[in-house]
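Novice: Supplied in structure tokens, the structure appears directly below.
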Amino acid sequence: MEWLMDEEQHQTVISVVGMGGSGKTTLVSKTFTNEKVKRHFDCCAWITASQTYVVVDLFRSLIIELHKSRKEEYPANSNAISRIELLELLTKYLESKKYLVVLDDVWEIGEK
């Protein structure tokens, strides 16, 4: 948790990797749901990717979850927004915020 809440860090990425069933999700979940951690960030999102994910769907889910974490209305037309527009929306939304995003169950990194 110290790494996550270090005021000196900017754009920190922490990867938790290991064999299936080794407790990765449990460990990250305990950190994600910790009230001290939640208060440290302006918004948080937990997204489950799974083996077969589509990047644009992850972006849509991310926008919705980030808005929900701040109890804000989220774009109702997100299904009609292009990939580029989704990226622009995410970038603009997050540019001045401290945020925590968990991508759970990622099996491999690549475009789909």
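Just remember, in the structure tokens the first chain shown is A, the second B, etc., residues are 1-based per chain, and ligands are 1-based in the order shown.
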Taking 5 positions as the minimum chain separation for residues in the same chain, which residues sit within 12 Å of stretch 88-93 of chain A when counting only C-alpha atoms? Answer as a list in words.
Specialist: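 Neighbouring residues, sequence-local ones excluded: Asp42, Cys43, Val56, Leu58, Phe59, Arg60, Ser61, Leu62, Ile63, Ile64, Glu65, Leu66, His67, Arg70, Glu72, Tyr74, Pro75, Ser78, Ile81, Ser82, Arg83, Lys98 and Tyr99 of chain A.
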Novice: Save out the residues we just selected, N, CA and C atoms, as an mmCIF file, in the first residue's frame.
Specialist:
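Once written, out-v3.cif looks like this:
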data_model
loop_
_atom_site.group_PDB
_atom_site.id
_atom_site.type_symbol
_atom_site.label_atom_id
_atom_site.label_comp_id
_atom_site.auth_asym_id
_atom_site.auth_seq_id
_atom_site.Cartn_x
_atom_site.Cartn_y
_atom_site.Cartn_z
ATOM 1 N N ASP A 42 -8.767 10.049 -6.161
ATOM 2 C CA ASP A 42 -9.974 10.777 -6.560
ATOM 3 C C ASP A 42 -11.032 9.832 -7.121
ATOM 4 N N CYS A 43 -10.602 8.789 -7.803
ATOM 5 C CA CYS A 43 -11.532 7.813 -8.354
ATOM 6 C C CYS A 43 -10.818 6.469 -8.522
ATOM 7 N N VAL A 56 -11.615 -1.891 -26.563
ATOM 8 C CA VAL A 56 -12.609 -0.814 -26.547
ATOM 9 C C VAL A 56 -13.676 -1.066 -25.480
ATOM 10 N N LEU A 58 -13.067 -2.596 -22.635
ATOM 11 C CA LEU A 58 -12.397 -2.246 -21.379
ATOM 12 C C LEU A 58 -12.445 -0.739 -21.151
ATOM 13 N N PHE A 59 -12.221 0.039 -22.200
ATOM 14 C CA PHE A 59 -12.300 1.502 -22.088
ATOM 15 C C PHE A 59 -13.694 1.934 -21.642
ATOM 16 N N ARG A 60 -14.712 1.344 -22.252
ATOM 17 C CA ARG A 60 -16.096 1.689 -21.886
ATOM 18 C C ARG A 60 -16.370 1.348 -20.419
ATOM 19 N N SER A 61 -15.969 0.162 -20.014
ATOM 20 C CA SER A 61 -16.161 -0.250 -18.621
ATOM 21 C C SER A 61 -15.411 0.673 -17.673
ATOM 22 N N LEU A 62 -14.215 1.055 -18.064
ATOM 23 C CA LEU A 62 -13.391 1.932 -17.239
ATOM 24 C C LEU A 62 -14.066 3.287 -17.038
ATOM 25 N N ILE A 63 -14.585 3.867 -18.094
ATOM 26 C CA ILE A 63 -15.287 5.148 -17.986
ATOM 27 C C ILE A 63 -16.467 5.037 -17.023
ATOM 28 N N ILE A 64 -17.248 3.996 -17.168
ATOM 29 C CA ILE A 64 -18.422 3.802 -16.311
ATOM 30 C C ILE A 64 -18.005 3.627 -14.852
ATOM 31 N N GLU A 65 -17.036 2.758 -14.588
ATOM 32 C CA GLU A 65 -16.615 2.484 -13.210
ATOM 33 C C GLU A 65 -15.983 3.702 -12.541
ATOM 34 N N LEU A 66 -15.194 4.476 -13.282
ATOM 35 C CA LEU A 66 -14.587 5.683 -12.713
ATOM 36 C C LEU A 66 -15.661 6.691 -12.319
ATOM 37 N N HIS A 67 -16.660 6.859 -13.167
ATOM 38 C CA HIS A 67 -17.755 7.770 -12.834
ATOM 39 C C HIS A 67 -18.552 7.257 -11.635
ATOM 40 N N ARG A 70 -17.179 7.994 -8.177
ATOM 41 C CA ARG A 70 -17.367 9.377 -7.717
ATOM 42 C C ARG A 70 -18.852 9.740 -7.656
ATOM 43 N N GLU A 72 -20.988 9.919 -9.992
ATOM 44 C CA GLU A 72 -21.294 10.855 -11.072
ATOM 45 C C GLU A 72 -22.086 10.146 -12.161
ATOM 46 N N TYR A 74 -22.566 8.943 -15.807
ATOM 47 C CA TYR A 74 -21.602 8.569 -16.835
ATOM 48 C C TYR A 74 -22.271 8.652 -18.204
ATOM 49 N N PRO A 75 -21.468 8.792 -19.242
ATOM 50 C CA PRO A 75 -22.037 8.957 -20.586
ATOM 51 C C PRO A 75 -22.955 7.797 -20.958
ATOM 52 N N SER A 78 -22.138 5.704 -24.326
ATOM 53 C CA SER A 78 -20.764 5.196 -24.467
ATOM 54 C C SER A 78 -20.644 4.090 -25.513
ATOM 55 N N ILE A 81 -19.780 5.645 -28.914
ATOM 56 C CA ILE A 81 -18.558 6.447 -29.013
ATOM 57 C C ILE A 81 -17.432 5.599 -29.606
ATOM 58 N N SER A 82 -16.673 6.182 -30.526
ATOM 59 C CA SER A 82 -15.564 5.465 -31.164
ATOM 60 C C SER A 82 -14.408 5.264 -30.180
ATOM 61 N N ARG A 83 -13.501 4.400 -30.549
ATOM 62 C CA ARG A 83 -12.325 4.105 -29.719
ATOM 63 C C ARG A 83 -11.511 5.374 -29.440
ATOM 64 N N LYS A 98 -5.928 11.863 -9.230
ATOM 65 C CA LYS A 98 -5.186 10.683 -8.779
ATOM 66 C C LYS A 98 -6.181 9.535 -8.871
ATOM 67 N N TYR A 99 -5.803 8.481 -9.568
ATOM 68 C CA TYR A 99 -6.753 7.402 -9.782
ATOM 69 C C TYR A 99 -6.082 6.043 -9.615
#
Novice: Could you give me the residues within chain A that DSSP places in strand (DSSP E or B), as a PyMOL selection string?
Specialist: chain A and resi 43-48+99-104
Novice: Output as a PyMOL selection string all residues of chain A that backbone DSSP marks as alpha helix (DSSP H).
Specialist: chain A and resi 24-32+35-40+55-69+83-94
Novice: Show me, as a count of residues only, the residues that have an atom within 12 Å of A:Tyr53 when counting only C-alpha atoms, minus same-chain residues fewer than 3 positions from it.
Specialist: 19
Novice: Enumerate, in order of chain and increasing residue number, the residues of stretch 27-60 of chain A with an atom no farther than 9 Å from stretch 3-8 of chain A, each with its shortest atom pair and distance in Å to one decimal, counting only C-alpha atoms, as JSON lines.
Specialist:
{"residue": "A:Val37", "atom": "CA", "partner": "A:Met5", "partner_atom": "CA", "distance": 7.2}
{"residue": "A:His40", "atom": "CA", "partner": "A:Met5", "partner_atom": "CA", "distance": 6.7}
{"residue": "A:Phe41", "atom": "CA", "partner": "A:Met5", "partner_atom": "CA", "distance": 8.5}
Novice: Between atom CA of A:Val16 and atom CA of A:Val28, what is the distance in Å, rounded to a tenth?
Specialist: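 These two atoms are separated by 8.0 Å.
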